[in-house]
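Asks: Pasting a structure below so you can have a look.
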Amino acid sequence: MTKEICLHVLYCTTEGNEETMPEKQPKCSSRLGTHARGHKGLNILAFSSCVILSFATRFYKLDTPDHVCWDETHFGKMGSYYINRTFFFDVHPPLGKMLIGLAGHLSGYDGAFTFESPGTKYEDVNYLGMRILCATLGVLIVPLVYLIVLEWSFSVTAASLASLFVLFDTGTLTLSQYILLDPILMFFIIASVYALVKFQSHHARPFQFLWWFWMTMTGLFLACAISIKWVGLFVILFVGAQTAWDLWGLLADLALSKVTLLKHFLARCLCLIIFPAGLYISFFAVHLHILNQSGPGDGFFSSGFQSKLVGNNLHNVSMPEKVAYGSVITLKNHRAAGGLLHSHPLLYPEGYGAEQQQVTAYVYKDENNLWLLKKYVEEDLPVEDEIQPVELVKNGDLVYLEHVATRRNLHSHNEKAPLSVNHQQVTCYGENGTGDFNDVWQVQIPGAAAGATVSVVKTKLKLIHYLTGCVLFSHSKNLPAWGSEQLEVTCNPYSRDQRALWNVEDHYNHHLPNISFEVFRSSFIESLLESHVVMAQGNSDLKPKEGEITSKPWQWPINYRGQRFSGYNNTEERIYLLGNPVLWWGNLFFLVLFPPVIFIWLVCKERGLQGNSAITELNQKVFSSCSWLLLGWALHYLPFYLMSRVLYFHHYFPAFLFSCMLSGIFINHLLQLLDHYLLPSRQGAFRQSGLIVICAIVIQSFYKFHPFSYGMVGPLADEVNSTHRGLKWLDSWEI
C-alpha cells in the first residue's frame with residue numbers, strides 16, 4: 001500500500017522539488033503526509049482558480065453585442081419555436097435547441113422575437129437567459145478538462161496547463177458566449193470523457209455503487225452529446241474504443257470466471273448502449289410532443305407526419321381517398337425532405353433551355369402547388385362542357401396536369417435541364433389549359449396491377465413523359481436566385497430511385513366522398529425514423545450559400561481563417577471567432593512531436609535501452625494517456641475529410657479540447673525528464689522556469705488577442721491607423 005501511495009505522490013505535481021523523479025525519492029514513506037497535504041492544498045487552489053477564472057472570462061461582457069450574432073439567428077429562433085410549440089426542421093437532433101428554449105422560458109423570454117438576421121437589435125427582449133445557459137456550460141468545460149487530466153496524469157501541473165490552454169483560448173471563449181449548440185456539445189463531450197475516466201478509476205472495485213454510477217453517467221452524457229449534434233458519435237467511438245480495450249484486458253485475466261466476464265460485458269452493454277439509446281429516443285419523443293403546432297418545417301416531412309400537426313391543412317381533415325379526373329391535387333416528391341411540385345409565373349432565363357414557365361419543387365405550402373388532373377383524349381372534344389360520370393385515375397392512364405394558378409400544362413421536351421444537363425427540362429406550357437402533345441404524361445404505379453387506382457398518400461406513383469419516356473424527377477439541387485433557390489425538377493431518362501416517386505398529398509373533389517385523414521397519421525416509430533432520414537438528407541444537402549465564408553479541414557489546426565460573429569466595418573463592434581494562435585500552433589507542434597517521441601520510446605523499450613524501472617513506469621503512464629488523447633483528437637477531426645457537406649471552422653473545437661489535454665500532459669512530462677537529466681543537482685529548477693515561461697506566454701497572448709472575443713472597434717486591422725493592426729498575423733484573418 002505504501003508503495004502505491006509513493007508512486008501516486010511521484011506522479012503528482014507540487015511546489016518546489018516535491019515532484020521529483022523516482023530515484024530522487026528515497027524517503028517516500030517518511031514524507032508521505034507532507035506530500036499528501038501539499039498535493040491536496042495545491043490541487044484545491046489550482047482547481048478553484050480554474051473555476052473562478054473560467055467564470056470571469058466567460059461571463060464578462062456577456063450581454064454585448066446586444067444584437068443577434070452569427071448563428072444565434074438560427075438557434076435563438078429554434079428556442080422560440082419550442083416556447084411556442086411550433087414545428088420546424090433542423091439538421092441536428094433536438095436536445096441542444098430544447099435546452100436553449102427551456103433556458104429562455106425559465107428566464108422570462110416569451111418566444112416572440114423573430115431572430116430575423118444577424119445584426120437585429122434585441123432591444124427589450126430577454127435574451128440573456130439563453131446566453132447564460134451556453135456560458136455556464138462553457139465555464140464547466142475548463143474545470144472538467146482539469147479533472148480529466150488530473151485523473152489520467154496524477155499531476156496538478158499537467159492538469160493546470162491543459163485547463164490554462166482551454167481557459168485562455170479566444171475561440172473557445174467566443175463560442176461560449178452566444179446562443180449556439182457548440183458550447184453545449186463540447187460540454188457533454190468533455191463530461192462523457194470525465195465520467196469515463198472516473199469509471200476507470202474504480203476498475204479494481206467492479207459492480208459496486210460508484211462503478212455503476214460513473215458508467216451510467218458516461219452513458220447519460222454520451223446520449224446527450226449525440227442528441228445535440230450527430231458529431232457526438234465521435235466521442236461514442238472514443239468511449240467504445242476504451243471499453244473494448246478494457247474488456248480485452250479483462251479477457252486476459254485468467255482469474256476471472258466466464259460468468260464474471262459475461263457480467264462485465266452485459267453491464268457495459270446496458271449502461272453504454274441500451275441506456276443511451278433509450279435516452280436518445282426519449283429526447284425525440286419529448287421533441288415531437290412539444291412541437292405539435294404547424295410551422296415552417298412541415299413541408300420537409302411526409303403527409304402522414306404533417307397530419308399530426310395542429311394547424312396543418314392535413315390535420316383532422318377529410319378528403320376523398322381515390323383520385324379522379326377533375327381533382328385538384330398537390331404532388332409531393334417521395335424522397336426524404338422532398339418538395340411539392342410547384343410552378344410560378346417566372347420564366348427560365350436565356351441559356352437555361354426554353355424560355356418557358358419554371359417548374360420546381362417547393363417544401364412550403366403555397367397556392368402555386370395546386371394542379372388540376374385532366375384525362376388525355378385523342379379527339380379534340382370539349383370534355384369539360386359535357387356531363388361526365390366520375391372516373392378514377394388508374395395505373396397506365398395518360399393524363400394532363402394543368403397548373404391551377406397559371407392554367408398552363410406540365411410539359412417536357414428535348415431541351416437540357418438547367419442544372420442536371422443530362423436530364424430534360426420540365427416547364428409549364430400553353431394557354432388556358434391547352435398545349436401540345438409534350439404535355440401528356442403516363443401514370444405508373446410500380447408493382448401495381450394494370451387498372452389499379454390512385455389513393456392519396458398511400459400510392460407512390462411515377463409520371464412518365466409519354467413522348468420521350470423520361471420520368472418526372474426532383475432532387476436536392478437548388479436553382480440559382482432566378483429560380484428563387486427552389487429545388488430543381490427535371491425529366492430523368494435514367495431514374496429508378498425514390499426521387500422519381502410522388503404521392504398525392506392534398507386532394508379536392510366535391511364529387512367524391514371524404515374520409516378522415518387520420519387513417520394516414522404516422523406512428524411514433526415512423527415519425528422517429530422519418531426524422532432521421534430527413535436530417536440525414538438535410539445534412540448531405542448543406543452547401544455554401546452565395547458569398548458565404550466556409551473552410552476546409554486542413555485549415556483548422558493551423559488557425560488559417562476564422563468566422564465573423566458580428567460587425568463588418570469600422571463603425572460596428574466586431575467579434576471574430578479565431579483561436580489564440582500561440583495556443584493553436586503550440587498544440588499543433590506537440591501533436592506532430594508526440595508520435596515520433598512515442599515511437600522512439602517503444603523502440604528503446606524493445607531494445608532494453610530505458611532508464612530505471614520507475615522512469616519506465618512514469619513513461620508508460622504518460623504515453624498511454626497521451627495516446628488515448630491523440631486518438632480522441634483524431635476521431636473528432638479526421639472524419640471531416642470524408643464529409644461532402646459544407647464545413648466551418650467551429651467544427652474543429654471538440655478536437656481542440658483533446659489537443660489541449662495532450663499538450664498539458666506531454667509538456668509537463670518533457671519538463672520533468674529534461675529537469676531530471678539536465679539538472680540532476682537542482683531538481684525542479686528547469687521545470688519551474690519552463691512552467692513560468694509557458695504560463696507567461698499563454699496569459700500574454702490572451703491579453704493581446706482578447707479583442708477577438710470581447711470586441712474590436714475603430715479602423716479595420718488593414719488600415720494604417722488601426723489599433724488592432726498588430727493582431728493580424730495572417731492575411732487570411734478577416735479582422
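By order in the C-alpha cells, chains are A, B, ...; within a chain, residues start at 1; ligands start at 1, following the order shown.
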List the spatial neighbours of Lys332 of chain A as a list in words - criterion: any atom at most 8 Å away, only C-alpha atoms, same-chain residues fewer than 5 positions off excluded.

Replies: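 Residues near the query, excluding close chain neighbours: Gly338, Gly339, Leu340, Leu341, Trp502, Asn503, Val504 and Glu505 of chain A.
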
Asks: For the residues in the current selection, export C-alpha atoms as an mmCIF file, in the first residue's frame.

Replies:
data_model
loop_
_atom_site.group_PDB
_atom_site.id
_atom_site.type_symbol
_atom_site.label_atom_id
_atom_site.label_comp_id
_atom_site.auth_asym_id
_atom_site.auth_seq_id
_atom_site.Cartn_x
_atom_site.Cartn_y
_atom_site.Cartn_z
ATOM 1 C CA GLY A 338 -38.859 16.164 -50.844
ATOM 2 C CA GLY A 339 -40.734 19.201 -52.073
ATOM 3 C CA LEU A 340 -44.162 19.722 -53.603
ATOM 4 C CA LEU A 341 -44.457 20.045 -57.377
ATOM 5 C CA TRP A 502 -44.571 11.074 -55.981
ATOM 6 C CA ASN A 503 -47.671 10.840 -53.826
ATOM 7 C CA VAL A 504 -50.869 12.855 -53.810
ATOM 8 C CA GLU A 505 -50.945 14.964 -50.644
#

Asks: Need to verify the contact set: Arg521 of chain A, 7 Å, only C-alpha atoms, exclusion of same-chain residues closer than 3 positions in sequence. Can you return it as a list of chain:residue names?

Replies: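 The filter keeps A:Gly304, A:Phe305, A:Ser307, A:Lys308, A:Glu518.
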
Asks: Next, write the just-selected residues to a file, as a tab-separated table (two decimals), in the first residue's frame, keeping C-alpha atoms as the atom set.

Replies:
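And here is the file that came out, result.tsv:
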chain	number	residue	atom	x	y	z
A	304	GLY	CA	-48.75	11.30	-42.67
A	305	PHE	CA	-46.30	13.14	-40.44
A	307	SER	CA	-51.35	15.24	-40.30
A	308	LYS	CA	-50.31	15.17	-36.61
A	518	GLU	CA	-56.34	10.45	-39.53

Asks: Write out as a CSV table (one decimal) with all heavy atoms, in the first residue's frame which residues come within 12 Å of Pro715 of chain A when counting only C-alpha atoms, dropping same-chain ones fewer than 3 positions away.

Replies:
chain,number,residue,atom,x,y,z
A,567,GLY,N,-20.3,42.4,-36.9
A,567,GLY,CA,-19.7,43.6,-37.4
A,567,GLY,C,-18.8,43.3,-38.6
A,567,GLY,O,-18.1,42.3,-38.7
A,568,TYR,N,-18.9,44.3,-39.6
A,568,TYR,CA,-18.2,44.1,-40.8
A,568,TYR,C,-17.4,45.4,-41.2
A,568,TYR,O,-16.7,45.4,-42.1
A,568,TYR,CB,-19.2,43.8,-42.0
A,568,TYR,CG,-19.9,42.5,-41.8
A,568,TYR,CD1,-21.0,42.3,-41.1
A,568,TYR,CD2,-19.3,41.3,-42.4
A,568,TYR,CE1,-21.6,41.1,-41.0
A,568,TYR,CE2,-19.9,40.1,-42.3
A,568,TYR,CZ,-21.0,40.0,-41.6
A,568,TYR,OH,-21.6,38.7,-41.4
A,569,ASN,N,-17.6,46.5,-40.5
A,569,ASN,CA,-16.9,47.7,-40.9
A,569,ASN,C,-16.5,48.4,-39.6
A,569,ASN,O,-16.7,48.0,-38.5
A,569,ASN,CB,-17.8,48.6,-41.7
A,569,ASN,CG,-19.1,48.9,-41.0
A,569,ASN,OD1,-19.2,49.4,-39.9
A,569,ASN,ND2,-20.3,48.6,-41.7
A,570,ASN,N,-15.8,49.5,-39.8
A,570,ASN,CA,-15.1,50.2,-38.7
A,570,ASN,C,-16.1,51.0,-37.8
A,570,ASN,O,-15.7,51.6,-36.8
A,570,ASN,CB,-14.0,51.1,-39.1
A,570,ASN,CG,-14.5,52.2,-40.2
A,570,ASN,OD1,-15.7,52.3,-40.3
A,570,ASN,ND2,-13.6,52.8,-40.8
A,571,THR,N,-17.3,51.0,-38.1
A,571,THR,CA,-18.3,51.7,-37.3
A,571,THR,C,-19.1,50.7,-36.4
A,571,THR,O,-19.8,51.1,-35.5
A,571,THR,CB,-19.4,52.4,-38.1
A,571,THR,OG1,-20.1,51.5,-38.9
A,571,THR,CG2,-18.7,53.4,-39.0
A,572,GLU,N,-18.8,49.4,-36.5
A,572,GLU,CA,-19.5,48.4,-35.7
A,572,GLU,C,-18.5,47.7,-34.8
A,572,GLU,O,-17.3,47.6,-35.1
A,572,GLU,CB,-20.2,47.3,-36.7
A,572,GLU,CG,-21.2,47.9,-37.6
A,572,GLU,CD,-21.7,46.9,-38.6
A,572,GLU,OE1,-20.9,46.1,-39.1
A,572,GLU,OE2,-22.9,46.9,-38.9
A,573,GLU,N,-19.1,47.2,-33.7
A,573,GLU,CA,-18.3,46.3,-32.8
A,573,GLU,C,-18.1,45.0,-33.5
A,573,GLU,O,-19.1,44.3,-33.8
A,573,GLU,CB,-18.9,46.2,-31.5
A,573,GLU,CG,-18.1,45.4,-30.5
A,573,GLU,CD,-18.7,45.3,-29.1
A,573,GLU,OE1,-19.9,45.5,-29.0
A,573,GLU,OE2,-18.0,45.1,-28.1
A,574,ARG,N,-16.8,44.6,-33.7
A,574,ARG,CA,-16.5,43.4,-34.4
A,574,ARG,C,-16.1,42.2,-33.5
A,574,ARG,O,-15.2,42.4,-32.7
A,574,ARG,CB,-15.4,43.6,-35.5
A,574,ARG,CG,-15.8,44.7,-36.4
A,574,ARG,CD,-14.7,44.9,-37.5
A,574,ARG,NE,-13.4,45.3,-37.0
A,574,ARG,CZ,-13.1,46.5,-36.6
A,574,ARG,NH1,-14.0,47.5,-36.6
A,574,ARG,NH2,-11.9,46.8,-36.1
A,712,MET,N,-13.8,44.4,-31.1
A,712,MET,CA,-12.9,45.4,-31.7
A,712,MET,C,-13.7,46.5,-32.3
A,712,MET,O,-14.7,46.3,-33.0
A,712,MET,CB,-12.1,44.7,-32.8
A,712,MET,CG,-11.2,43.5,-32.4
A,712,MET,SD,-10.4,42.6,-33.7
A,712,MET,CE,-11.8,41.6,-34.3
A,718,ASP,N,-6.5,46.2,-41.4
A,718,ASP,CA,-5.7,46.5,-42.6
A,718,ASP,C,-5.3,48.0,-42.7
A,718,ASP,O,-4.4,48.3,-43.4
A,718,ASP,CB,-6.5,46.2,-43.8
A,718,ASP,CG,-6.7,44.7,-44.0
A,718,ASP,OD1,-5.8,43.9,-43.5
A,718,ASP,OD2,-7.7,44.2,-44.5
A,719,GLU,N,-6.0,48.8,-42.0
A,719,GLU,CA,-5.7,50.3,-42.1
A,719,GLU,C,-4.5,50.7,-41.2
A,719,GLU,O,-4.3,50.1,-40.1
A,719,GLU,CB,-7.0,51.0,-41.7
A,719,GLU,CG,-8.2,50.7,-42.5
A,719,GLU,CD,-9.4,51.4,-42.1
A,719,GLU,OE1,-9.3,52.5,-41.4
A,719,GLU,OE2,-10.5,50.9,-42.4
A,720,VAL,N,-3.8,51.7,-41.7
A,720,VAL,CA,-2.5,52.0,-41.1
A,720,VAL,C,-2.7,52.5,-39.6
A,720,VAL,O,-2.0,52.3,-38.7
A,720,VAL,CB,-1.8,53.1,-41.9
A,720,VAL,CG1,-0.6,53.6,-41.2
A,720,VAL,CG2,-1.5,52.6,-43.3
A,721,ASN,N,-3.8,53.3,-39.4
A,721,ASN,CA,-4.1,53.9,-38.1
A,721,ASN,C,-4.8,53.0,-37.1
A,721,ASN,O,-5.3,53.4,-36.1
A,721,ASN,CB,-4.8,55.2,-38.2
A,721,ASN,CG,-6.1,55.0,-38.9
A,721,ASN,OD1,-6.4,54.0,-39.6
A,721,ASN,ND2,-7.0,56.0,-38.8
A,722,SER,N,-5.0,51.7,-37.5
A,722,SER,CA,-5.8,50.8,-36.6
A,722,SER,C,-5.0,50.4,-35.4
A,722,SER,O,-3.8,50.0,-35.5
A,722,SER,CB,-6.2,49.5,-37.4
A,722,SER,OG,-6.8,48.6,-36.6
A,723,THR,N,-5.7,50.4,-34.3
A,723,THR,CA,-5.1,49.9,-33.0
A,723,THR,C,-5.0,48.4,-33.0
A,723,THR,O,-4.3,47.8,-32.1
A,723,THR,CB,-5.9,50.4,-31.8
A,723,THR,OG1,-7.3,49.9,-32.0
A,723,THR,CG2,-5.9,51.9,-31.7
A,724,HIS,N,-5.6,47.7,-33.9
A,724,HIS,CA,-5.6,46.3,-34.0
A,724,HIS,C,-4.7,45.7,-35.1
A,724,HIS,O,-4.8,44.5,-35.4
A,724,HIS,CB,-7.1,45.7,-34.2
A,724,HIS,CG,-8.0,46.3,-33.2
A,724,HIS,ND1,-8.0,46.0,-31.9
A,724,HIS,CD2,-9.1,47.1,-33.4
A,724,HIS,CE1,-9.0,46.6,-31.2
A,724,HIS,NE2,-9.7,47.2,-32.1
A,725,ARG,N,-3.9,46.6,-35.7
A,725,ARG,CA,-3.1,46.2,-36.8
A,725,ARG,C,-2.1,45.0,-36.4
A,725,ARG,O,-1.8,44.1,-37.2
A,725,ARG,CB,-2.3,47.4,-37.3
A,725,ARG,CG,-1.5,47.1,-38.6
A,725,ARG,CD,-0.9,48.4,-39.1
A,725,ARG,NE,-0.2,48.2,-40.3
A,725,ARG,CZ,-0.7,48.1,-41.5
A,725,ARG,NH1,-2.0,48.2,-41.7
A,725,ARG,NH2,0.0,47.9,-42.6
A,735,ILE,N,-10.0,40.6,-40.1
A,735,ILE,CA,-10.3,41.5,-38.9
A,735,ILE,C,-10.1,42.9,-39.3
A,735,ILE,O,-10.1,43.8,-38.4
A,735,ILE,CB,-9.5,41.1,-37.7
A,735,ILE,CG1,-8.0,41.2,-38.0
A,735,ILE,CG2,-9.8,39.7,-37.3
A,735,ILE,CD1,-7.1,41.0,-36.8

Asks: Let's see if you can do this: from backbone DSSP, list all helix (DSSP H, G or I) residues in segment 532-719 of chain A, as an MDAnalysis selection string.

Replies: chainID A and resid 532:541 553:555 581:607 613:642 649:678 680:682 685:705 707:710

Asks: Which one of A:Thr243, A:Gln357, A:Ser302, A:Ser160 sits closest to Val197 of chain A if you count only C-alpha atoms?

Replies: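 Of the candidates, the smallest distance to Val197 of chain A is held by A:Thr243.
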
Asks: Which polymer residues have any atom within 8 Å of an atom of Asn492 of chain A, counting only C-alpha atoms, with same-chain residues fewer than 4 positions away left out, as a list in words?

Replies: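 With the cut-off at 8 Å, the set is Asn422, His423, Gln424, Cys470, Val471, Leu472 and Phe473 of chain A.
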
Asks: Go ahead and save the residues from that selection, with all heavy atoms, as an mmCIF file, in the first residue's frame.

Replies:
data_model
loop_
_atom_site.group_PDB
_atom_site.id
_atom_site.type_symbol
_atom_site.label_atom_id
_atom_site.label_comp_id
_atom_site.auth_asym_id
_atom_site.auth_seq_id
_atom_site.Cartn_x
_atom_site.Cartn_y
_atom_site.Cartn_z
ATOM 1 N N ASN A 422 -27.889 16.280 -68.185
ATOM 2 C CA ASN A 422 -28.222 15.001 -68.820
ATOM 3 C C ASN A 422 -29.712 14.684 -68.734
ATOM 4 O O ASN A 422 -30.156 13.657 -69.230
ATOM 5 C CB ASN A 422 -27.421 13.863 -68.177
ATOM 6 C CG ASN A 422 -25.928 13.979 -68.470
ATOM 7 O OD1 ASN A 422 -25.541 14.413 -69.557
ATOM 8 N ND2 ASN A 422 -25.099 13.616 -67.506
ATOM 9 N N HIS A 423 -30.455 15.559 -68.086
ATOM 10 C CA HIS A 423 -31.897 15.400 -67.969
ATOM 11 C C HIS A 423 -32.600 16.380 -68.903
ATOM 12 O O HIS A 423 -32.006 17.356 -69.363
ATOM 13 C CB HIS A 423 -32.368 15.670 -66.534
ATOM 14 C CG HIS A 423 -31.794 14.747 -65.513
ATOM 15 N ND1 HIS A 423 -32.226 14.742 -64.209
ATOM 16 C CD2 HIS A 423 -30.829 13.794 -65.582
ATOM 17 C CE1 HIS A 423 -31.556 13.839 -63.520
ATOM 18 N NE2 HIS A 423 -30.690 13.250 -64.342
ATOM 19 N N GLN A 424 -33.890 16.143 -69.136
ATOM 20 C CA GLN A 424 -34.694 17.066 -69.936
ATOM 21 C C GLN A 424 -35.303 18.151 -69.062
ATOM 22 O O GLN A 424 -35.585 17.936 -67.872
ATOM 23 C CB GLN A 424 -35.828 16.316 -70.651
ATOM 24 C CG GLN A 424 -35.383 15.472 -71.812
ATOM 25 C CD GLN A 424 -36.543 14.821 -72.553
ATOM 26 O OE1 GLN A 424 -36.346 13.992 -73.407
ATOM 27 N NE2 GLN A 424 -37.776 15.208 -72.213
ATOM 28 N N CYS A 470 -38.980 9.724 -70.412
ATOM 29 C CA CYS A 470 -38.267 10.116 -69.187
ATOM 30 C C CYS A 470 -39.267 10.247 -68.025
ATOM 31 O O CYS A 470 -40.485 10.261 -68.225
ATOM 32 C CB CYS A 470 -37.498 11.414 -69.403
ATOM 33 S SG CYS A 470 -38.517 12.824 -69.884
ATOM 34 N N VAL A 471 -38.738 10.342 -66.815
ATOM 35 C CA VAL A 471 -39.558 10.290 -65.605
ATOM 36 C C VAL A 471 -39.470 11.622 -64.872
ATOM 37 O O VAL A 471 -38.377 12.181 -64.703
ATOM 38 C CB VAL A 471 -39.075 9.154 -64.672
ATOM 39 C CG1 VAL A 471 -40.005 9.011 -63.469
ATOM 40 C CG2 VAL A 471 -38.971 7.843 -65.423
ATOM 41 N N LEU A 472 -40.620 12.149 -64.406
ATOM 42 C CA LEU A 472 -40.624 13.369 -63.607
ATOM 43 C C LEU A 472 -39.815 13.127 -62.336
ATOM 44 O O LEU A 472 -40.055 12.161 -61.609
ATOM 45 C CB LEU A 472 -42.060 13.767 -63.257
ATOM 46 C CG LEU A 472 -42.221 15.142 -62.607
ATOM 47 C CD1 LEU A 472 -41.897 16.254 -63.607
ATOM 48 C CD2 LEU A 472 -43.644 15.314 -62.072
ATOM 49 N N PHE A 473 -38.885 14.045 -62.056
ATOM 50 C CA PHE A 473 -37.817 13.767 -61.088
ATOM 51 C C PHE A 473 -37.498 15.039 -60.310
ATOM 52 O O PHE A 473 -37.535 16.146 -60.846
ATOM 53 C CB PHE A 473 -36.588 13.296 -61.871
ATOM 54 C CG PHE A 473 -35.342 13.053 -61.058
ATOM 55 C CD1 PHE A 473 -35.109 11.823 -60.481
ATOM 56 C CD2 PHE A 473 -34.390 14.051 -60.897
ATOM 57 C CE1 PHE A 473 -33.945 11.582 -59.761
ATOM 58 C CE2 PHE A 473 -33.227 13.824 -60.179
ATOM 59 C CZ PHE A 473 -33.006 12.591 -59.606
#

Asks: Output as number ranges by chain all residues of segment 358-483 of chain A that backbone DSSP marks as strand (DSSP E).

Replies: A: 358-362, 371-375, 398-403, 409-416, 424-429, 441-444, 462-465, 471-478
